[in-house]
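> Enclosed is the structure file entry03.csv (CSV, C-alpha atoms and all ligand atoms).
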```
chain,number,residue,atom,x,y,z
A,1,MET,CA,214.5,195.3,167.1
A,2,LEU,CA,217.8,194.0,168.3
A,3,ILE,CA,218.8,190.5,169.2
A,4,ARG,CA,221.6,190.4,171.7
A,5,PRO,CA,223.3,188.0,174.1
A,6,TYR,CA,221.6,187.4,177.4
A,7,ARG,CA,222.7,189.3,180.6
A,8,THR,CA,222.0,188.0,184.1
A,9,GLU,CA,219.7,191.0,184.8
A,10,ASP,CA,217.4,189.8,181.9
A,11,LEU,CA,216.3,186.7,183.8
A,12,PRO,CA,213.2,188.1,185.6
A,13,ALA,CA,211.8,189.6,182.3
A,14,LEU,CA,212.7,186.5,180.3
A,15,LYS,CA,210.9,184.3,182.9
A,16,ALA,CA,207.8,186.5,183.0
A,17,ILE,CA,207.6,186.5,179.2
A,18,THR,CA,208.1,182.8,178.9
A,19,VAL,CA,205.6,181.9,181.6
A,20,ALA,CA,203.0,184.1,180.1
A,21,ALA,CA,203.7,182.8,176.6
A,22,PHE,CA,203.4,179.1,177.6
A,23,GLU,CA,199.8,179.5,178.9
A,24,GLY,CA,198.0,176.7,177.0
A,25,VAL,CA,201.1,175.1,175.5
A,26,SER,CA,202.8,173.9,178.7
A,27,ILE,CA,203.2,170.3,179.7
A,28,ASP,CA,203.4,171.4,183.4
A,29,GLN,CA,200.1,173.2,183.0
A,30,GLY,CA,198.6,169.9,181.6
A,31,ILE,CA,199.9,168.0,184.6
A,32,GLU,CA,198.4,170.6,186.9
A,33,ARG,CA,195.0,170.3,185.1
A,34,LEU,CA,194.9,166.7,186.1
A,35,PHE,CA,196.6,166.7,189.5
A,36,GLY,CA,196.5,170.2,190.8
A,37,PRO,CA,199.6,172.0,192.1
A,38,ILE,CA,202.3,169.5,193.2
A,39,ASN,CA,204.3,170.1,196.3
A,40,GLY,CA,202.8,173.5,196.7
A,41,ARG,CA,204.2,174.7,193.3
A,42,ASP,CA,202.1,175.7,190.3
A,43,TRP,CA,203.0,175.2,186.6
A,44,ARG,CA,204.1,178.9,186.4
A,45,TRP,CA,206.8,178.3,189.0
A,46,ARG,CA,207.9,175.1,187.2
A,47,LYS,CA,208.1,176.9,183.9
A,48,GLY,CA,210.0,179.8,185.4
A,49,ARG,CA,212.4,177.3,186.9
A,50,HIS,CA,213.1,175.8,183.4
A,51,LEU,CA,214.6,179.2,182.6
A,52,ASP,CA,216.8,179.1,185.7
A,53,MET,CA,218.0,175.7,184.6
A,54,ASP,CA,218.6,176.9,181.0
A,55,ALA,CA,220.7,179.9,182.4
A,56,ALA,CA,222.6,177.6,184.7
A,57,ARG,CA,223.3,175.1,181.9
A,58,ASP,CA,224.4,177.6,179.2
A,59,SER,CA,223.9,181.3,179.8
A,60,ASP,CA,226.0,182.1,176.7
A,61,GLY,CA,223.4,180.2,174.6
A,62,ILE,CA,220.6,182.5,175.5
A,63,PHE,CA,219.6,185.4,173.3
A,64,VAL,CA,217.0,188.1,173.9
A,65,ALA,CA,215.0,190.3,171.5
A,66,GLU,CA,215.0,193.9,172.6
A,67,ILE,CA,212.9,196.9,171.4
A,68,ASP,CA,213.7,200.3,172.8
A,69,GLY,CA,215.7,198.8,175.6
A,70,ARG,CA,212.9,196.4,176.6
A,71,VAL,CA,213.2,192.7,176.4
A,72,VAL,CA,210.2,191.4,174.4
A,73,GLY,CA,211.3,187.8,173.7
A,74,GLY,CA,214.1,185.3,174.1
A,75,ILE,CA,215.5,181.9,173.1
A,76,THR,CA,217.5,179.4,175.2
A,77,THR,CA,219.9,176.9,173.8
A,78,TRP,CA,222.5,174.3,174.8
A,79,GLN,CA,224.9,172.3,172.8
A,80,ASP,CA,225.9,168.7,172.6
A,81,LEU,CA,229.3,169.3,171.0
A,82,ASP,CA,230.2,165.6,170.9
A,83,GLY,CA,226.9,164.6,169.4
A,84,GLY,CA,226.8,167.5,167.0
A,85,ILE,CA,223.3,168.7,167.9
A,86,GLY,CA,222.2,172.0,169.2
A,87,HIS,CA,219.1,172.1,171.4
A,88,ILE,CA,216.4,174.8,171.8
A,89,PRO,CA,214.5,174.2,175.1
A,90,ASN,CA,212.6,177.5,175.3
A,91,LEU,CA,211.4,180.2,172.9
A,92,ALA,CA,208.9,183.0,173.7
A,93,VAL,CA,207.8,186.3,172.4
A,94,GLU,CA,205.5,188.7,174.3
A,95,ALA,CA,202.0,188.6,172.9
A,96,ASP,CA,201.9,192.2,171.7
A,97,PHE,CA,205.0,191.7,169.6
A,98,ARG,CA,204.1,188.4,167.9
A,99,GLY,CA,203.6,188.0,164.1
A,100,GLN,CA,206.4,190.4,163.2
A,101,GLY,CA,209.1,187.8,162.6
A,102,ILE,CA,210.8,188.1,166.0
A,103,GLY,CA,210.4,184.4,166.8
A,104,ARG,CA,211.8,183.5,163.4
A,105,GLN,CA,214.8,185.8,163.8
A,106,LEU,CA,215.5,184.4,167.3
A,107,ILE,CA,215.6,180.8,165.9
A,108,GLU,CA,217.8,181.9,163.0
A,109,HIS,CA,220.1,183.6,165.5
A,110,ALA,CA,220.3,180.3,167.6
A,111,LEU,CA,221.0,178.3,164.4
A,112,ASP,CA,223.9,180.7,163.5
A,113,HIS,CA,225.2,180.3,167.1
A,114,PHE,CA,225.2,176.5,166.6
A,115,ARG,CA,226.9,176.7,163.2
A,116,ARG,CA,229.6,179.0,164.7
A,117,HIS,CA,230.3,176.2,167.2
A,118,GLY,CA,230.6,173.5,164.5
A,119,LEU,CA,227.3,171.8,165.1
A,120,SER,CA,225.6,170.2,162.2
A,121,HIS,CA,222.0,169.8,163.4
A,122,ALA,CA,219.4,171.5,165.7
A,123,LYS,CA,216.5,170.1,167.6
A,124,ILE,CA,213.4,171.7,169.0
A,125,GLU,CA,210.2,170.3,170.5
A,126,THR,CA,206.7,171.5,170.3
A,127,LEU,CA,203.3,170.2,171.4
A,128,SER,CA,200.8,168.9,168.9
A,129,GLN,CA,198.4,171.6,169.9
A,130,ASN,CA,200.9,174.4,169.1
A,131,SER,CA,200.1,175.2,165.5
A,132,VAL,CA,202.3,178.3,165.5
A,133,GLY,CA,205.3,176.3,166.6
A,134,GLN,CA,204.7,173.6,164.0
A,135,HIS,CA,204.2,176.1,161.2
A,136,LEU,CA,207.2,178.2,162.2
A,137,TYR,CA,209.7,175.3,162.7
A,138,SER,CA,208.8,173.4,159.6
A,139,SER,CA,209.1,176.7,157.6
A,140,LEU,CA,212.7,177.0,158.9
A,141,GLY,CA,213.6,173.5,157.7
A,142,PHE,CA,212.9,171.4,160.9
A,143,ARG,CA,211.4,168.0,160.0
A,144,GLU,CA,209.2,166.0,162.3
A,145,VAL,CA,210.9,162.8,163.5
A,146,ALA,CA,208.7,161.5,166.3
A,147,ARG,CA,205.7,162.3,168.6
A,148,GLN,CA,206.1,161.7,172.3
A,149,ILE,CA,203.4,160.9,175.0
A,150,HIS,CA,203.9,162.4,178.4
A,151,LEU,CA,202.4,160.4,181.3
A,152,VAL,CA,202.3,161.2,185.0
A,153,THR,CA,201.0,159.1,187.9
A,154,GLU,CA,200.3,160.1,191.5
A,155,LEU,CA,202.5,158.0,193.9
A,156,GLN,CA,200.5,156.1,196.5
A,157,HIS,CA,202.1,156.1,199.9
A,158,GLY,CA,201.7,153.5,202.7
A,159,THR,CA,202.1,150.4,200.5
A,160,GLU,CA,205.7,149.7,199.6
A,161,ALA,CA,206.2,148.3,196.1
A,162,THR,CA,207.7,144.8,195.9
A,163,SER,CA,211.3,145.2,194.8
A,164,CYS,CA,212.6,143.4,191.8
A,165,VAL,CA,215.1,140.7,192.9
A,166,SER,CA,217.8,139.6,190.5
A,167,PRO,CA,218.1,135.8,190.0
B,1,LIG,C1,206.1,180.7,168.9
B,1,LIG,C2,206.4,182.2,169.0
B,1,LIG,C3,207.7,182.4,169.8
B,1,LIG,C4,206.5,182.8,167.7
B,1,LIG,O1,206.9,184.1,167.8
B,1,LIG,P1,206.5,185.2,166.7
B,1,LIG,O2,207.4,186.4,166.9
B,1,LIG,O3,205.1,185.5,166.7
B,1,LIG,O4,207.0,184.4,165.4
B,1,LIG,P2,207.1,185.0,163.9
B,1,LIG,O5,206.3,186.3,163.8
B,1,LIG,O6,208.5,184.9,163.5
B,1,LIG,O7,206.3,183.8,163.1
B,1,LIG,C5,205.1,183.3,163.5
B,1,LIG,C6,204.6,182.4,162.3
B,1,LIG,O8,203.5,181.7,162.7
B,1,LIG,C7,202.4,182.0,161.8
B,1,LIG,N1,201.2,181.8,162.6
B,1,LIG,C8,200.6,182.8,163.4
B,1,LIG,N2,199.5,182.3,164.0
B,1,LIG,C9,199.4,181.0,163.5
B,1,LIG,C10,198.4,179.9,163.7
B,1,LIG,N3,197.4,180.1,164.5
B,1,LIG,N4,198.6,178.7,163.1
B,1,LIG,C11,199.7,178.6,162.3
B,1,LIG,N5,200.6,179.5,162.0
B,1,LIG,C12,200.4,180.7,162.6
B,1,LIG,C13,202.7,183.3,161.3
B,1,LIG,O9,202.0,183.6,160.1
B,1,LIG,C14,204.2,183.2,161.1
B,1,LIG,O10,204.5,182.5,160.0
B,1,LIG,P3,205.0,183.2,158.6
B,1,LIG,O11,206.3,183.9,159.0
B,1,LIG,O12,205.2,182.0,157.7
B,1,LIG,O13,204.0,184.1,158.2
B,1,LIG,C15,205.3,182.9,169.8
B,1,LIG,O14,204.1,182.7,169.1
B,1,LIG,C16,205.1,182.5,171.3
B,1,LIG,O15,205.8,183.0,172.1
B,1,LIG,N6,204.2,181.5,171.5
B,1,LIG,C17,204.0,181.0,172.8
B,1,LIG,C18,205.1,180.2,173.4
B,1,LIG,C19,205.5,179.1,172.5
B,1,LIG,O16,204.7,178.4,171.9
B,1,LIG,N7,206.8,178.8,172.3
B,1,LIG,C20,207.4,177.8,171.5
B,1,LIG,C21,207.2,176.5,172.2
B,1,LIG,S1,207.8,175.1,171.3
```
Spit out the file's structure as structure tokens when you get a sec.
Ligand SMILES: CC(C)(COP(=O)(O)OP(=O)(O)OC[C@H]1O[C@@H](n2cnc3c(N)ncnc32)[C@H](O)[C@@H]1OP(=O)(O)O)[C@@H](O)C(=O)NCCC(=O)NCCS

Amino acid sequence: MLIRPYRTEDLPALKAITVAAFEGVSIDQGIERLFGPINGRDWRWRKGRHLDMDAARDSDGIFVAEIDGRVVGGITTWQDLDGGIGHIPNLAVEADFRGQGIGRQLIEHALDHFRRHGLSHAKIETLSQNSVGQHLYSSLGFREVARQIHLVTELQHGTEATSCVSP
């Protein structure tokens, strides 16, 4: 297994692996469960687009795991250099290759990348139902600092909201 820097041609494979991996642990999928597809787009499209955005934001911060020339996983990162914190928005390993330490090595690779750039802390988010994520991240030294609640409402049209008027 080799961990190497991302290349533009990795994007379709990385998107497919990430979308498949996030089945059951995706906020967008939770939104779709309640509201159905929004604007004609399903949660898979939305999840795939996160990877497009990660690549646009910092393609040098993406690393892929490759076995026999095939991408089997990847991690995306971006850096707040002024704030000193490296962020990990997406991490996924293909189902058949899980439990072999690839996810752990991808995170360690990202943490080394942050250290090389002078960052002092790293941040990752996981859902409360993601027991693998919670186990893995805490075993790598990440400590829970907060739990967040995601809320979505459907916008009603035809009744304009009263605007707030400053005194
Ligand atoms: C999270 C993910 C990237 C981990 O990849 P991986 O290659 O399987 O990771 P590793 O093999 O390095 O480690 C997995 C760890 O989870 C543990 N684990 C496996 N199943 C578990 C479960 N149901 N509950 C708790 N821990 C579990 C393993 O024992 C291992 O821990 P260990 O090294 O202490 O033994 C992979 O599971 C995945 O793609 N999941 C779906 C997408 C996802 O959740 N991404 C992260 C979103 S925050």
> Find the spatial neighbours of Ile75 (chain A), counting only C-alpha atoms, within a cut-off of 6 Å - ignore same-chain residues fewer than 3 positions away - and output them as an MDAnalysis selection string.
chainID A and resid 62:63 90:91
> Of the residues A:Val71, A:Leu11, A:Ala110, A:Ala20, which is the one nearest to ligand LIG 1 (chain B), using only C-alpha atoms and all ligand atoms?
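Distance minimum relative to ligand LIG 1 (chain B) lands on A:Ala20.
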> Hey, which of A:Leu106, A:Val93, A:Leu111, A:Ala146 ends up closest to ligand LIG 1 (chain B)? Count only C-alpha atoms and all ligand atoms.
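Ranking A:Leu106, A:Val93, A:Leu111, A:Ala146 by distance to ligand LIG 1 (chain B), first place goes to A:Val93.
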> If we count all atoms listed in the file, what is near Arg33 (chain A) at a cut-off of 12 Å, once residues fewer than 3 positions away on the same chain are taken out, given as JSON, numbers by chain?
{"A": [24, 26, 27, 28, 29, 30, 36, 37, 38, 42, 43, 152]}
> Just give me the gap between atom C2 of ligand LIG 1 (chain B) and CA of Asp82 (chain A) in Å, one decimal is fine.
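If I compute the distance from atom C2 of ligand LIG 1 (chain B) to CA of Asp82 (chain A), I get 29.1 Å.
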> Might you pull out every residue within 12 Å of Gly84 (chain A), with only C-alpha atoms counted and same-chain residues fewer than 6 positions away left off, and present them as number ranges by chain?
A: 78, 114-115, 117-123
> Each residue of chain A lying at most 7 Å from ligand LIG 1 (chain B) should get a row with its shortest atom-to-atom pair and the distance in Å to one decimal, counting only C-alpha atoms and all ligand atoms; could you produce that, ordered by chain and increasing number, as JSON lines?

```
{"residue": "A:Thr18", "atom": "CA", "partner": "B:LIG1", "partner_atom": "C18", "distance": 6.8}
{"residue": "A:Ala21", "atom": "CA", "partner": "B:LIG1", "partner_atom": "C17", "distance": 4.2}
{"residue": "A:Phe22", "atom": "CA", "partner": "B:LIG1", "partner_atom": "C18", "distance": 4.7}
{"residue": "A:Val25", "atom": "CA", "partner": "B:LIG1", "partner_atom": "O16", "distance": 6.1}
{"residue": "A:Asn90", "atom": "CA", "partner": "B:LIG1", "partner_atom": "C21", "distance": 6.3}
{"residue": "A:Leu91", "atom": "CA", "partner": "B:LIG1", "partner_atom": "N7", "distance": 4.8}
{"residue": "A:Ala92", "atom": "CA", "partner": "B:LIG1", "partner_atom": "O15", "distance": 3.5}
{"residue": "A:Val93", "atom": "CA", "partner": "B:LIG1", "partner_atom": "O15", "distance": 3.9}
{"residue": "A:Glu94", "atom": "CA", "partner": "B:LIG1", "partner_atom": "O15", "distance": 6.1}
{"residue": "A:Ala95", "atom": "CA", "partner": "B:LIG1", "partner_atom": "O15", "distance": 6.8}
{"residue": "A:Phe97", "atom": "CA", "partner": "B:LIG1", "partner_atom": "O2", "distance": 6.4}
{"residue": "A:Arg98", "atom": "CA", "partner": "B:LIG1", "partner_atom": "O3", "distance": 3.3}
{"residue": "A:Gly99", "atom": "CA", "partner": "B:LIG1", "partner_atom": "O5", "distance": 3.2}
{"residue": "A:Gln100", "atom": "CA", "partner": "B:LIG1", "partner_atom": "O5", "distance": 4.1}
{"residue": "A:Gly101", "atom": "CA", "partner": "B:LIG1", "partner_atom": "O6", "distance": 3.1}
{"residue": "A:Ile102", "atom": "CA", "partner": "B:LIG1", "partner_atom": "O2", "distance": 3.9}
{"residue": "A:Gly103", "atom": "CA", "partner": "B:LIG1", "partner_atom": "O2", "distance": 3.6}
{"residue": "A:Arg104", "atom": "CA", "partner": "B:LIG1", "partner_atom": "O6", "distance": 3.6}
{"residue": "A:Gln105", "atom": "CA", "partner": "B:LIG1", "partner_atom": "O6", "distance": 6.4}
{"residue": "A:Ile124", "atom": "CA", "partner": "B:LIG1", "partner_atom": "S1", "distance": 6.9}
{"residue": "A:Glu125", "atom": "CA", "partner": "B:LIG1", "partner_atom": "S1", "distance": 5.4}
{"residue": "A:Thr126", "atom": "CA", "partner": "B:LIG1", "partner_atom": "S1", "distance": 3.9}
{"residue": "A:Leu127", "atom": "CA", "partner": "B:LIG1", "partner_atom": "S1", "distance": 6.7}
{"residue": "A:Asn130", "atom": "CA", "partner": "B:LIG1", "partner_atom": "O16", "distance": 6.2}
{"residue": "A:Ser131", "atom": "CA", "partner": "B:LIG1", "partner_atom": "N4", "distance": 4.5}
{"residue": "A:Val132", "atom": "CA", "partner": "B:LIG1", "partner_atom": "N5", "distance": 4.1}
{"residue": "A:Gly133", "atom": "CA", "partner": "B:LIG1", "partner_atom": "C1", "distance": 5.0}
{"residue": "A:His135", "atom": "CA", "partner": "B:LIG1", "partner_atom": "N5", "distance": 5.0}
{"residue": "A:Leu136", "atom": "CA", "partner": "B:LIG1", "partner_atom": "C6", "distance": 4.9}
{"residue": "A:Ser139", "atom": "CA", "partner": "B:LIG1", "partner_atom": "O12", "distance": 6.6}
```
> Tell me which of A:Arg44, A:Leu34, A:Ile88, A:His157 sits closest to Phe142 (chain A), counting all atoms listed in the file.
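Ranking A:Arg44, A:Leu34, A:Ile88, A:His157 by distance to Phe142 (chain A), first place goes to A:Ile88.
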> Work out how far apart CA of Gln129 (chain A) and CA of Glu144 (chain A) are and give it in Å to one decimal.
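Result for CA of Gln129 (chain A) versus CA of Glu144 (chain A): 14.3 Å, one decimal.
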> What does the distance from CA of Ala16 (chain A) to CA of Ala65 (chain A) come to in Å, to one decimal?
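So the two atoms, CA of Ala16 (chain A) and CA of Ala65 (chain A), lie 14.1 Å apart.
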> Quick one: of A:Val145, A:Leu51, A:Ala56, A:Ile67, who's nearest to Val19 (chain A), counting all atoms listed in the file?
A:Leu51
> Check the smallest atom-to-atom distance from each of A:Lys15, A:Arg49, A:Arg143, A:Arg116 to Gly74 (chain A) using all atoms listed in the file, then report the winner.
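Closest candidate: A:Lys15.
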> Find the residue from A:Met53, A:Ile17, A:Ile31, A:Ile85 that sits nearest to Arg70 (chain A); use all atoms listed in the file when measuring.
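Checking each candidate against Arg70 (chain A), we get A:Ile17 as the closest.
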